[in-house]
Each structure stands twice: as structure tokens, then as C-alpha cells.
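As stored in structure.tsv (TSV, C-alpha atoms and all ligand atoms):
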```
chain	number	residue	atom	x	y	z
A	41	MET	CA	-17.32	-4.15	12.16
A	42	SER	CA	-20.38	-2.15	11.20
A	43	THR	CA	-22.29	-4.93	9.46
A	44	LEU	CA	-21.88	-8.46	8.19
A	45	ALA	CA	-24.78	-8.23	5.77
A	46	VAL	CA	-23.80	-7.90	2.13
A	47	ARG	CA	-25.57	-4.92	0.61
A	48	PRO	CA	-25.74	-3.59	-2.96
A	49	ILE	CA	-22.47	-1.82	-3.86
A	50	GLU	CA	-24.11	1.59	-4.21
A	51	GLU	CA	-25.31	1.47	-0.61
A	52	TYR	CA	-21.83	1.60	0.95
A	53	THR	CA	-20.59	4.95	2.18
A	54	ALA	CA	-17.28	6.09	3.67
A	55	LYS	CA	-18.86	5.80	7.16
A	56	ASP	CA	-19.18	2.02	6.77
A	57	TYR	CA	-15.39	1.69	6.84
A	58	LYS	CA	-14.69	4.05	9.77
A	59	SER	CA	-14.17	2.25	13.07
A	60	GLU	CA	-15.13	3.58	16.48
A	61	LEU	CA	-11.47	3.83	17.51
A	62	LYS	CA	-10.34	7.46	17.76
A	63	PRO	CA	-6.98	8.07	15.98
A	64	ILE	CA	-4.16	9.05	18.33
A	65	TRP	CA	-2.02	10.65	15.61
A	66	CYS	CA	-0.73	14.17	16.34
A	67	PRO	CA	-3.28	16.81	15.30
A	68	GLY	CA	-2.60	17.69	11.67
A	69	CYS	CA	-0.71	14.46	10.83
A	70	GLY	CA	-1.04	13.62	7.13
A	71	ASP	CA	-2.20	10.11	8.00
A	72	PHE	CA	-5.65	11.53	8.93
A	73	GLY	CA	-6.14	12.44	5.27
A	74	VAL	CA	-4.86	9.06	4.09
A	75	VAL	CA	-7.39	7.11	6.14
A	76	GLN	CA	-10.20	9.38	4.87
A	77	ALA	CA	-9.11	8.70	1.30
A	78	ILE	CA	-9.10	4.96	2.04
A	79	TYR	CA	-12.70	5.15	3.40
A	80	ARG	CA	-13.80	6.90	0.20
A	81	ALA	CA	-12.01	4.46	-2.08
A	82	LEU	CA	-13.49	1.46	-0.25
A	83	ALA	CA	-16.99	2.96	-0.42
A	84	ASN	CA	-16.61	3.27	-4.20
A	85	ILE	CA	-15.43	-0.33	-4.44
A	86	GLY	CA	-18.40	-1.43	-2.29
A	87	ARG	CA	-17.02	-4.61	-0.73
A	88	PRO	CA	-18.42	-5.24	2.77
A	89	PRO	CA	-15.85	-4.67	5.56
A	90	HIS	CA	-15.75	-8.37	6.50
A	91	GLU	CA	-14.40	-9.16	3.01
A	92	ILE	CA	-11.40	-6.88	3.51
A	93	ALA	CA	-8.14	-7.63	5.35
A	94	PHE	CA	-5.91	-4.66	6.19
A	95	ILE	CA	-2.36	-5.51	7.27
A	96	SER	CA	0.30	-3.14	8.56
A	97	GLY	CA	3.72	-3.18	10.21
A	98	ILE	CA	4.70	-0.95	13.13
A	99	GLY	CA	4.83	2.85	13.12
A	100	CYS	CA	2.44	5.80	13.44
A	101	SER	CA	1.09	5.07	9.94
A	102	SER	CA	0.78	1.36	10.72
A	103	ARG	CA	-2.02	2.16	13.16
A	104	ILE	CA	-4.28	2.70	10.17
A	105	PRO	CA	-6.05	-0.72	10.01
A	106	GLY	CA	-7.46	-0.13	13.50
A	107	TYR	CA	-9.26	2.97	12.26
A	108	THR	CA	-11.17	0.95	9.68
A	109	THR	CA	-13.90	-1.65	10.07
A	110	ALA	CA	-11.98	-4.17	7.93
A	111	TYR	CA	-10.26	-7.14	9.53
A	112	GLY	CA	-6.98	-5.64	10.70
A	113	PHE	CA	-3.57	-6.92	11.75
A	114	ASN	CA	-0.99	-4.48	13.13
A	115	THR	CA	1.88	-6.96	12.77
A	116	VAL	CA	5.64	-6.64	13.31
A	117	HIS	CA	7.92	-3.83	12.14
A	118	GLY	CA	8.71	-4.43	8.44
A	119	ARG	CA	6.63	-7.58	8.09
A	120	ALA	CA	3.31	-6.35	6.73
A	121	LEU	CA	4.01	-7.73	3.25
A	122	PRO	CA	4.84	-11.37	4.10
A	123	ILE	CA	1.80	-11.59	6.36
A	124	ALA	CA	-0.49	-9.90	3.84
A	125	GLN	CA	0.72	-12.32	1.13
A	126	GLY	CA	0.03	-15.32	3.37
A	127	ILE	CA	-3.48	-14.03	4.09
A	128	LYS	CA	-4.20	-13.51	0.39
A	129	LEU	CA	-2.99	-17.02	-0.46
A	130	ALA	CA	-4.99	-18.59	2.37
A	131	ASN	CA	-8.15	-16.76	1.33
A	132	PRO	CA	-7.85	-15.33	-2.21
A	133	ASP	CA	-11.40	-13.98	-2.05
A	134	LEU	CA	-10.37	-11.32	0.47
A	135	LEU	CA	-9.56	-7.81	-0.71
A	136	VAL	CA	-6.12	-7.34	0.85
A	137	LEU	CA	-4.60	-3.97	1.73
A	138	GLY	CA	-1.14	-3.40	3.19
A	139	ALA	CA	0.11	-0.19	4.79
A	140	GLY	CA	2.98	1.29	6.75
A	141	GLY	CA	5.64	3.95	6.84
A	142	ASP	CA	8.68	4.47	4.64
A	143	GLY	CA	10.82	2.99	7.43
A	144	ASP	CA	8.60	-0.05	7.70
A	145	GLY	CA	8.45	-0.57	3.93
A	146	PHE	CA	11.90	0.46	2.68
A	147	SER	CA	14.23	0.01	5.64
A	148	ILE	CA	13.59	-3.05	7.80
A	149	GLY	CA	10.95	-4.41	5.39
A	150	GLY	CA	12.67	-3.39	2.15
A	151	GLY	CA	13.70	-6.94	1.28
A	152	HIS	CA	10.08	-8.06	1.03
A	153	VAL	CA	9.09	-5.50	-1.58
A	154	ALA	CA	10.98	-7.19	-4.43
A	155	HIS	CA	9.30	-10.53	-3.75
A	156	VAL	CA	5.71	-9.37	-3.53
A	157	ILE	CA	6.31	-7.59	-6.85
A	158	ARG	CA	7.84	-10.56	-8.66
A	159	ARG	CA	5.05	-12.82	-7.37
A	160	ASN	CA	2.49	-10.18	-8.33
A	161	ILE	CA	0.18	-10.94	-5.42
A	162	ASP	CA	-3.16	-9.22	-5.93
A	163	MET	CA	-3.07	-6.62	-3.14
A	164	THR	CA	-2.60	-2.88	-2.68
A	165	TYR	CA	0.31	-1.55	-0.63
A	166	ILE	CA	0.04	2.03	0.65
A	167	VAL	CA	3.23	3.56	2.03
A	168	MET	CA	2.86	6.74	4.07
A	169	ASP	CA	6.16	8.31	3.13
A	170	ASN	CA	6.95	11.10	5.62
A	171	GLN	CA	10.76	10.86	5.19
A	172	ILE	CA	11.24	10.30	8.94
A	173	TYR	CA	10.68	7.73	11.70
A	174	GLY	CA	7.61	9.22	13.39
A	175	LEU	CA	6.71	6.71	16.08
A	176	THR	CA	10.21	6.52	17.52
A	177	LYS	CA	10.49	10.33	17.62
A	178	GLY	CA	12.25	11.62	14.56
A	179	GLN	CA	15.23	9.52	13.46
A	180	LEU	CA	16.48	9.31	9.86
A	181	SER	CA	14.37	7.12	7.59
A	182	PRO	CA	15.42	5.55	4.26
A	183	THR	CA	13.74	8.37	2.34
A	184	SER	CA	15.19	11.26	4.43
A	185	ARG	CA	17.02	13.79	2.29
A	186	PRO	CA	20.82	14.13	2.40
A	187	GLY	CA	22.07	16.59	5.02
A	188	LEU	CA	18.96	16.23	7.20
A	189	GLN	CA	19.73	16.83	10.87
A	190	THR	CA	17.80	14.59	13.21
A	191	VAL	CA	18.29	13.01	16.64
A	192	SER	CA	20.16	10.20	14.86
A	193	SER	CA	22.12	12.45	12.46
A	194	ALA	CA	23.29	15.43	14.50
A	195	HIS	CA	25.69	16.54	11.74
A	196	GLY	CA	23.33	15.84	8.86
A	197	SER	CA	22.52	12.67	6.94
A	198	MET	CA	25.38	11.31	4.84
A	199	GLU	CA	23.15	8.77	3.03
A	200	SER	CA	21.41	8.96	-0.33
A	201	PRO	CA	17.67	8.40	0.02
A	202	VAL	CA	15.82	5.42	-1.39
A	203	ASN	CA	13.55	6.42	-4.26
A	204	PRO	CA	10.42	4.29	-3.57
A	205	LEU	CA	8.92	4.91	-7.02
A	206	LEU	CA	12.02	3.87	-8.96
A	207	TYR	CA	12.60	1.00	-6.54
A	208	VAL	CA	9.26	-0.64	-7.28
A	209	LEU	CA	9.34	0.20	-10.99
A	210	GLY	CA	12.80	-1.34	-11.19
A	211	TYR	CA	11.51	-4.60	-9.74
A	212	GLY	CA	8.69	-4.67	-12.29
A	213	ALA	CA	5.68	-3.39	-10.33
A	214	GLN	CA	2.69	-3.22	-12.65
A	215	PHE	CA	0.79	-0.43	-10.89
A	216	VAL	CA	2.67	2.49	-9.35
A	217	ALA	CA	1.10	5.74	-8.18
A	218	GLN	CA	1.80	8.65	-5.87
A	219	GLY	CA	-0.58	10.88	-3.97
A	220	THR	CA	-0.84	13.31	-1.10
A	221	PRO	CA	-3.56	14.15	1.42
A	222	ALA	CA	-3.14	17.73	0.12
A	223	ASP	CA	-5.31	16.45	-2.76
A	224	MET	CA	-7.88	14.17	-1.13
A	225	ASN	CA	-9.91	13.54	-4.27
A	226	GLY	CA	-6.82	12.60	-6.23
A	227	LEU	CA	-5.58	10.35	-3.43
A	228	ALA	CA	-8.91	8.53	-3.05
A	229	LYS	CA	-9.01	8.05	-6.83
A	230	ILE	CA	-5.56	6.42	-7.09
A	231	ILE	CA	-6.24	4.19	-4.07
A	232	GLU	CA	-9.44	3.03	-5.74
A	233	GLU	CA	-7.57	2.46	-9.02
A	234	GLY	CA	-4.87	0.52	-7.16
A	235	ILE	CA	-7.47	-1.73	-5.52
A	236	ARG	CA	-9.19	-2.33	-8.84
A	237	PHE	CA	-5.90	-3.23	-10.56
A	238	PRO	CA	-5.71	-7.04	-10.95
A	239	GLY	CA	-2.31	-7.54	-9.30
A	240	PHE	CA	0.13	-5.89	-6.92
A	241	ALA	CA	-0.43	-2.13	-6.70
A	242	PHE	CA	1.99	0.25	-4.99
A	243	ILE	CA	0.90	3.68	-3.79
A	244	ASN	CA	3.40	6.12	-2.32
A	245	VAL	CA	1.70	8.79	-0.25
A	246	GLN	CA	3.57	11.94	0.68
A	247	SER	CA	1.96	12.07	4.12
A	248	PRO	CA	3.49	14.87	6.20
A	249	CYS	CA	4.71	14.34	9.76
A	250	VAL	CA	3.79	17.63	11.45
A	251	THR	CA	5.90	16.88	14.52
A	252	TYR	CA	9.26	15.74	13.12
A	253	GLY	CA	8.92	16.49	9.39
A	254	GLN	CA	10.36	19.38	7.40
A	255	GLU	CA	8.54	22.65	6.78
A	256	ASP	CA	8.66	22.23	2.99
A	257	GLN	CA	7.05	18.79	3.23
A	258	GLN	CA	3.86	20.00	4.93
A	259	LEU	CA	0.45	20.13	3.26
A	260	LYS	CA	0.62	23.83	2.38
A	261	ALA	CA	3.99	23.45	0.66
A	262	GLN	CA	2.79	20.29	-1.09
A	263	LYS	CA	-0.28	22.06	-2.44
A	264	ALA	CA	1.97	24.69	-3.99
A	265	MET	CA	4.42	22.26	-5.56
A	266	MET	CA	2.28	19.29	-6.65
A	267	GLN	CA	1.72	18.62	-10.34
A	268	THR	CA	-0.69	15.99	-11.56
A	269	LEU	CA	0.69	13.55	-14.09
A	270	GLU	CA	-2.61	13.83	-15.94
A	271	SER	CA	-2.09	17.59	-16.47
A	272	MET	CA	1.38	16.76	-17.83
A	273	LYS	CA	-0.26	14.39	-20.35
A	274	HIS	CA	1.81	11.49	-19.04
A	275	ASP	CA	0.88	8.14	-20.60
A	276	PRO	CA	0.59	5.70	-17.64
A	277	GLY	CA	1.01	2.77	-20.05
A	278	ASN	CA	4.61	3.86	-20.78
A	279	ARG	CA	6.94	2.29	-18.21
A	280	LEU	CA	10.10	4.05	-19.40
A	281	ALA	CA	8.38	7.45	-19.27
A	282	ALA	CA	7.19	6.53	-15.75
A	283	MET	CA	10.77	5.72	-14.71
A	284	ASP	CA	11.98	8.98	-16.17
A	285	LEU	CA	9.43	10.96	-14.14
A	286	ALA	CA	10.05	8.86	-11.02
A	287	GLN	CA	13.68	10.01	-11.06
A	288	GLN	CA	12.41	13.42	-9.94
A	289	TYR	CA	11.33	11.98	-6.58
A	290	GLY	CA	12.52	14.34	-3.84
A	291	GLU	CA	12.76	17.26	-6.28
A	292	LYS	CA	9.27	17.40	-7.76
A	293	LEU	CA	5.93	16.24	-6.39
A	294	TYR	CA	4.16	14.42	-9.19
A	295	THR	CA	0.83	12.86	-8.32
A	296	GLY	CA	-1.32	10.30	-10.08
A	297	VAL	CA	-0.57	7.03	-11.82
A	298	PHE	CA	3.04	6.69	-12.97
A	299	TYR	CA	2.55	3.23	-14.44
A	300	ARG	CA	-0.34	0.87	-15.04
A	301	ASN	CA	0.52	-2.18	-17.11
A	302	PRO	CA	-2.01	-2.14	-19.99
A	303	THR	CA	-1.80	-5.95	-20.21
A	304	PRO	CA	-1.47	-7.12	-16.59
A	305	GLY	CA	0.35	-10.42	-16.09
A	306	PRO	CA	-0.89	-13.39	-14.04
A	307	THR	CA	-1.02	-13.16	-10.25
A	308	PHE	CA	0.57	-15.72	-7.96
A	309	ASP	CA	-2.73	-16.17	-6.10
A	310	GLY	CA	-4.59	-16.70	-9.38
A	311	LEU	CA	-2.05	-19.30	-10.58
A	312	ALA	CA	-2.12	-21.05	-7.18
A	313	ARG	CA	-5.90	-21.27	-7.35
A	314	LYS	CA	-5.77	-22.75	-10.87
A	315	ARG	CA	-3.13	-25.29	-9.83
A	316	GLN	CA	-5.18	-26.31	-6.80
A	317	GLN	CA	-8.23	-26.83	-9.01
A	318	ALA	CA	-6.19	-28.88	-11.52
A	319	MET	CA	-4.93	-31.10	-8.69
A	320	LYS	CA	-8.47	-31.59	-7.39
A	321	ASP	CA	-9.63	-32.51	-10.91
A	322	GLN	CA	-6.74	-34.97	-11.26
A	323	VAL	CA	-7.64	-36.68	-7.98
A	324	LYS	CA	-11.28	-36.79	-9.09
A	325	SER	CA	-10.41	-38.33	-12.49
A	326	ARG	CA	-8.21	-40.95	-10.77
A	327	ALA	CA	-11.15	-41.79	-8.54
A	328	ASP	CA	-13.35	-42.12	-11.67
A	329	VAL	CA	-10.85	-44.55	-13.26
A	330	LEU	CA	-10.79	-46.67	-10.09
A	331	ASN	CA	-14.59	-46.72	-10.07
A	332	VAL	CA	-14.63	-47.94	-13.70
A	333	PHE	CA	-12.25	-50.79	-12.73
A	334	LYS	CA	-14.56	-51.72	-9.87
A	335	LEU	CA	-17.51	-51.91	-12.32
A	336	VAL	CA	-15.53	-54.04	-14.81
A	337	LYS	CA	-14.60	-56.49	-12.07
B	1	LIG	C1	12.14	-5.10	14.98
B	1	LIG	C2	11.89	-3.69	15.37
B	1	LIG	N1	12.86	-2.77	15.19
B	1	LIG	C3	12.65	-1.48	15.53
B	1	LIG	C4	11.46	-1.11	16.08
B	1	LIG	C5	11.25	0.33	16.50
B	1	LIG	N2	10.44	1.04	15.56
B	1	LIG	C6	9.12	1.11	15.66
B	1	LIG	S1	8.38	2.02	14.48
B	1	LIG	C7	9.88	2.37	13.78
B	1	LIG	C8	10.01	3.25	12.56
B	1	LIG	C9	8.82	4.09	12.30
B	1	LIG	O1	8.96	4.81	11.09
B	1	LIG	P1	8.08	4.48	9.82
B	1	LIG	O2	8.04	3.04	9.54
B	1	LIG	O3	8.57	5.33	8.71
B	1	LIG	O4	6.60	4.89	10.27
B	1	LIG	P2	6.02	6.26	10.85
B	1	LIG	O5	6.04	6.12	12.33
B	1	LIG	O6	6.88	7.39	10.37
B	1	LIG	O7	4.65	6.31	10.29
B	1	LIG	C10	10.92	1.76	14.48
B	1	LIG	C11	12.35	1.87	14.12
B	1	LIG	C12	10.46	-2.10	16.25
B	1	LIG	N3	9.25	-1.80	16.73
B	1	LIG	N4	10.72	-3.37	15.90
B	2	LIG	S1	4.82	11.74	15.01
B	2	LIG	FE1	4.50	12.43	12.92
B	2	LIG	S2	3.82	10.60	11.80
B	2	LIG	FE2	3.55	10.22	14.01
B	2	LIG	S3	1.43	10.82	14.44
B	2	LIG	FE3	2.74	12.56	14.89
B	2	LIG	S4	2.71	13.75	13.00
B	2	LIG	FE4	1.99	11.70	12.48
```
Hey, can you dump this file as C-alpha cells for me?
Ligand SMILES: Cc1ncc(C[n+]2csc(CCOP(=O)(O)OP(=O)(O)O)c2C)c(N)n1
Ligand code: SF4
Amino acid sequence: MSTLAVRPIEEYTAKDYKSELKPIWCPGCGDFGVVQAIYRALANIGRPPHEIAFISGIGCSSRIPGYTTAYGFNTVHGRALPIAQGIKLANPDLLVLGAGGDGDGFSIGGGHVAHVIRRNIDMTYIVMDNQIYGLTKGQLSPTSRPGLQTVSSAHGSMESPVNPLLYVLGYGAQFVAQGTPADMNGLAKIIEEGIRFPGFAFINVQSPCVTYGQEDQQLKAQKAMMQTLESMKHDPGNRLAAMDLAQQYGEKLYTGVFYRNPTPGPTFDGLARKRQQAMKDQVKSRADVLNVFKLVK
């Protein structure tokens, strides 16, 4: 942790969020760009590192909290979301970030995604979607394309991929965006927007795996194919239009905010805090009544 002192927001820079740990990702891994974008977004938000909790699962991408100065927890494969939710409920003042791979988030951990969305816990979940299991050396992941030959699919994948964007939109996520480290400014911007959104924010990052990923998913290919939703004049307040565009996942690379609920609903952590306060007030008013009785006696 670089400092515990709270400074004016404008004094924070990306360096304040960079830990001394040297990343051990393969040279050229897309996750290098993702962590840089996170530093930039956090610097713009300006919360001191000790007010941030960064929770991940297991995988190459899940190493990311260790490369930041925030409190970090590299948990269990697929369990970043339940632990992040518990942390947010225990200390709602923390800025909570979750991260992991597409395997972590949509395979073993896929069951948790629906529940964090329906609870609308105020946190930002960043999935580094490289369409492969990186850490375990290149097996099929839930977002791998059909026909893909890997060490676990010698004759080509026979499964249809999960579409992470439609998945979360279908469950009612109120902030859904997609970015790529091929556009660092755009990625930093949507991460910042996700953090600022008052509720659960999902960010899918097309983060290439240079070692086991496909040629046409690398940064150069992404730069050529990406289209910003802003340039397409997409209205991020229109959920059905967002779902329509999200259907192109795997075919097109749209970046930016697919959906941002213009009238965000209540968060579970906000409601829990209100309920706790109401219970405290009730106990206090009972105590006042008892005190009155004592006086009357
Ligand atoms: C319970 C459990 N099952 C399986 C594993 C093995 N394992 C570790 S990481 C991983 C998948 C990694 O892929 P992904 O989550 O997409 O992250 P990436 O490494 O590509 O960033 C698997 C299967 C594990 N650590 N724990
Ligand atoms: S195996 Fe792939 S995902 Fe893992 S560090 Fe290397 S390039 Fe990145």
C-alpha cells in the first residue's frame, strides 16, 4: 500500500495504485493493458487504495489484485463474486472490484453471476475474456468458439459458447460494457464509468491470450475490427437495443457501454444499511419508552 493518508482526489495518479509486485503474465498478454486501464480509472475516481477491496478467483487474470495497492484477495476458482459480495456487505464503504477470467466467471463461477445481478450489489466485475483457460495451459473455456481445437478438444469444440453480454443483460444487469486493451483510453473510461455506476456493473474485456489464444483475437486484429458503440450512435439507455447488439458477440467487436439503466434501482447493500439503521432506531425508541416509564414510576 503506497499511503494510508487521504489526499485530495486530484492528487491521485495511476502510480498510486501500482504495487511493487512484478506481473508474471506472458510478455504481450492482454491483462497487462487491463491492469493499466484499472490504474487510470482508479486515479480518476481518487479513492485512496486502503478504501478499495479487489477480489478475484483463480486464473492468469485473477492475479490482477496483487498488482494493485488495493486490499486484494486472490480467492478460490469461481468464487470471486460470493466473497466480494460478503466484503461489500460487511463494509459498504469500501469500493469493491471483482475480476477473473471467462472460465472463472462463466464456467465454474457462472451460477453466482445471476445472484449478484438480482441483488444488485454495488461493485464492478471485470471479466478478462480470452476465450481459453490460460493458467491451466489452453483448454476450452465457456466462451471458446465452436470447432476450436485445444488440448481438451482435439477434434474441435462441439459446444456453443456462452455470450457473457447477453447472459448478464438477460439477468437484468443495469450496467454492461465491453472493452479491449487495444483501446486503452476507451477501456479506462468504461471501467471508471462502471465504478461510478451506483449498483452492479459488468465489464467484459476482450483480453488476448498470446500463448494459447487465436490469431484473430490478438490486439492487432482487434484494433482492425473494433467498433465503438458511441460511433454507431447506440443509446445506452435502451436495453432492447443493447441486447440486439450483444447478440453479435463473437462475430463483431463492439466496445463501450451497451446498457446503463437511466434510473438505477436500489442496491442490496444500500437496503441492508437502511434496514440496519431502522432496527437501531427501533431499539433506541424502545429504550426511550422504558426510560419514560422509569420516570413516571
Ligand atoms: C476448483 C478448481 N477447479 C479447477 C481449477 C483449475 N483451474 C485453475 S485456473 C482454471 C481456469 C483458468 O481460466 P480462466 O478462468 O478463463 O482464466 P485465465 O487463466 O484464462 O485468465 C482452472 C480450470 C482450480 N484451481 N480449482
Ligand atoms: S497463458 Fe495467456 S492468459 Fe495466461 S499469462 Fe500467458 S498470455 Fe496471459
- Identify, counting only C-alpha atoms and all ligand atoms, the protein, DNA and RNA residues located within 12 Å of ligand LIG 2 (chain B), and give them as a ChimeraX atom specification. /A:63-74,98-104,140-143,168-179,181,246-254,257-259
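For His155 in chain A, the list of residues within 12 Å, based on all atoms listed in the file and with local chain neighbours fewer than 3 positions off taken out, reads A:Leu121, A:Pro122, A:Gln125, A:Gly149, A:Gly150, A:Gly151, A:His152, A:Arg158, A:Arg159, A:Asn160, A:Ile161, A:Val208, A:Tyr211, A:Gly212, A:Ala213, A:Phe240, A:Phe308.
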- Rounded to one decimal in Å, what is the spacing between atom C6 of ligand LIG 1 (chain B) and CA of Gly187 in chain A?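 Answer for the atom C6 of ligand LIG 1 (chain B) to CA of Gly187 in chain A separation: 22.8 Å.
Relative to atom C1 of ligand LIG 1 (chain B), CA of Gln218 in chain A is found at 27.0 Å.
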Box for range 254-261 of chain A: with edges along x, y and z, all listed atoms inside and 8 Å added on each side, what are the centre and edge lengths in Å to one decimal, as JSON?
```
{"center_x": 5.4, "center_y": 21.3, "center_z": 4.0, "size_x": 25.9, "size_y": 21.0, "size_z": 22.7}
```
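Compared by their closest atoms to ligand LIG 1 (chain B), and using all atoms listed in the file, the residues A:Gly126, A:Gly118, A:Gly290, A:Pro105 rank with A:Gly118 nearest.
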- Message: Quick check, in Å to one decimal: how far apart do CA of Gly310 in chain A and CA of Gly97 in chain A lie?
- Response: 25.2 Å
- Message: So that I can check the surroundings of Ala241 in chain A, please list as a list in words every protein, DNA and RNA residue that reaches within 8 Å of it, counting only C-alpha atoms and ignoring chain neighbours fewer than 6 positions away.
- Response: Asp162, Met163, Thr164, Tyr165, Ala213, Gln214, Phe215, Val216, Gly234 and Ile235 of chain A
What's around Leu61 in chain A at 10 Å? Count only C-alpha atoms, leave out sequence neighbours fewer than 3 positions away in its own chain, and write the answer as an mmCIF file with C-alpha atoms, in the coordinates of the input.
```
data_model
loop_
_atom_site.group_PDB
_atom_site.id
_atom_site.type_symbol
_atom_site.label_atom_id
_atom_site.label_comp_id
_atom_site.auth_asym_id
_atom_site.auth_seq_id
_atom_site.Cartn_x
_atom_site.Cartn_y
_atom_site.Cartn_z
ATOM 1 C CA LYS A 58 -14.690 4.050 9.770
ATOM 2 C CA ILE A 64 -4.160 9.050 18.330
ATOM 3 C CA GLY A 106 -7.460 -0.130 13.500
ATOM 4 C CA TYR A 107 -9.260 2.970 12.260
ATOM 5 C CA THR A 108 -11.170 0.950 9.680
ATOM 6 C CA THR A 109 -13.900 -1.650 10.070
#
```
- Message: Measuring between all atoms listed in the file, which one of A:Ile92, A:Val156, A:Ile127, A:Leu209 shows the shortest distance to Arg300 in chain A?
- Response: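 Closest to Arg300 in chain A of all the choices is A:Leu209.
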Residue rebuild result range 84-104 of chain A, N, CA and C atoms as a PDB file, in the frame of the given file:
```pdb
ATOM      1  N   ASN A  84     -16.388   3.364  -2.749  1.00  0.00           N
ATOM      2  CA  ASN A  84     -16.610   3.270  -4.200  1.00  0.00           C
ATOM      3  C   ASN A  84     -16.467   1.842  -4.703  1.00  0.00           C
ATOM      4  N   ILE A  85     -15.591   1.080  -4.045  1.00  0.00           N
ATOM      5  CA  ILE A  85     -15.430  -0.330  -4.440  1.00  0.00           C
ATOM      6  C   ILE A  85     -16.664  -1.121  -3.992  1.00  0.00           C
ATOM      7  N   GLY A  86     -17.151  -0.817  -2.763  1.00  0.00           N
ATOM      8  CA  GLY A  86     -18.400  -1.430  -2.290  1.00  0.00           C
ATOM      9  C   GLY A  86     -18.294  -2.851  -1.782  1.00  0.00           C
ATOM     10  N   ARG A  87     -17.107  -3.278  -1.361  1.00  0.00           N
ATOM     11  CA  ARG A  87     -17.020  -4.610  -0.730  1.00  0.00           C
ATOM     12  C   ARG A  87     -17.341  -4.447   0.755  1.00  0.00           C
ATOM     13  N   PRO A  88     -18.115  -5.375   1.343  1.00  0.00           N
ATOM     14  CA  PRO A  88     -18.420  -5.240   2.770  1.00  0.00           C
ATOM     15  C   PRO A  88     -17.138  -5.363   3.611  1.00  0.00           C
ATOM     16  N   PRO A  89     -17.078  -4.688   4.765  1.00  0.00           N
ATOM     17  CA  PRO A  89     -15.850  -4.670   5.560  1.00  0.00           C
ATOM     18  C   PRO A  89     -15.327  -6.066   5.918  1.00  0.00           C
ATOM     19  N   HIS A  90     -16.235  -7.041   6.098  1.00  0.00           N
ATOM     20  CA  HIS A  90     -15.750  -8.370   6.500  1.00  0.00           C
ATOM     21  C   HIS A  90     -15.100  -9.134   5.330  1.00  0.00           C
ATOM     22  N   GLU A  91     -15.101  -8.529   4.144  1.00  0.00           N
ATOM     23  CA  GLU A  91     -14.400  -9.160   3.010  1.00  0.00           C
ATOM     24  C   GLU A  91     -13.050  -8.484   2.746  1.00  0.00           C
ATOM     25  N   ILE A  92     -12.647  -7.636   3.689  1.00  0.00           N
ATOM     26  CA  ILE A  92     -11.400  -6.880   3.510  1.00  0.00           C
ATOM     27  C   ILE A  92     -10.439  -7.185   4.653  1.00  0.00           C
ATOM     28  N   ALA A  93      -9.171  -7.428   4.313  1.00  0.00           N
ATOM     29  CA  ALA A  93      -8.140  -7.630   5.350  1.00  0.00           C
ATOM     30  C   ALA A  93      -7.095  -6.536   5.179  1.00  0.00           C
ATOM     31  N   PHE A  94      -6.814  -5.820   6.250  1.00  0.00           N
ATOM     32  CA  PHE A  94      -5.910  -4.660   6.190  1.00  0.00           C
ATOM     33  C   PHE A  94      -4.731  -4.947   7.125  1.00  0.00           C
ATOM     34  N   ILE A  95      -3.542  -5.059   6.531  1.00  0.00           N
ATOM     35  CA  ILE A  95      -2.360  -5.510   7.270  1.00  0.00           C
ATOM     36  C   ILE A  95      -1.316  -4.398   7.306  1.00  0.00           C
ATOM     37  N   SER A  96      -0.731  -4.180   8.468  1.00  0.00           N
ATOM     38  CA  SER A  96       0.300  -3.140   8.560  1.00  0.00           C
ATOM     39  C   SER A  96       1.486  -3.662   9.358  1.00  0.00           C
ATOM     40  N   GLY A  97       2.546  -2.844   9.397  1.00  0.00           N
ATOM     41  CA  GLY A  97       3.720  -3.180  10.210  1.00  0.00           C
ATOM     42  C   GLY A  97       3.637  -2.469  11.543  1.00  0.00           C
ATOM     43  N   ILE A  98       4.697  -1.747  11.886  1.00  0.00           N
ATOM     44  CA  ILE A  98       4.700  -0.950  13.130  1.00  0.00           C
ATOM     45  C   ILE A  98       5.167   0.461  12.788  1.00  0.00           C
ATOM     46  N   GLY A  99       4.507   1.450  13.348  1.00  0.00           N
ATOM     47  CA  GLY A  99       4.830   2.850  13.120  1.00  0.00           C
ATOM     48  C   GLY A  99       3.560   3.652  13.333  1.00  0.00           C
ATOM     49  N   CYS A 100       3.663   4.983  13.301  1.00  0.00           N
ATOM     50  CA  CYS A 100       2.440   5.800  13.440  1.00  0.00           C
ATOM     51  C   CYS A 100       1.453   5.395  12.344  1.00  0.00           C
ATOM     52  N   SER A 101       1.950   5.365  11.088  1.00  0.00           N
ATOM     53  CA  SER A 101       1.090   5.070   9.940  1.00  0.00           C
ATOM     54  C   SER A 101       0.512   3.657  10.015  1.00  0.00           C
ATOM     55  N   SER A 102       1.236   2.753  10.648  1.00  0.00           N
ATOM     56  CA  SER A 102       0.780   1.360  10.720  1.00  0.00           C
ATOM     57  C   SER A 102      -0.408   1.179  11.657  1.00  0.00           C
ATOM     58  N   ARG A 103      -0.813   2.264  12.335  1.00  0.00           N
ATOM     59  CA  ARG A 103      -2.020   2.160  13.160  1.00  0.00           C
ATOM     60  C   ARG A 103      -3.274   2.124  12.298  1.00  0.00           C
ATOM     61  N   ILE A 104      -3.125   2.427  11.043  1.00  0.00           N
ATOM     62  CA  ILE A 104      -4.280   2.700  10.170  1.00  0.00           C
ATOM     63  C   ILE A 104      -5.337   1.578  10.106  1.00  0.00           C
TER      64      ILE A 104
END
```
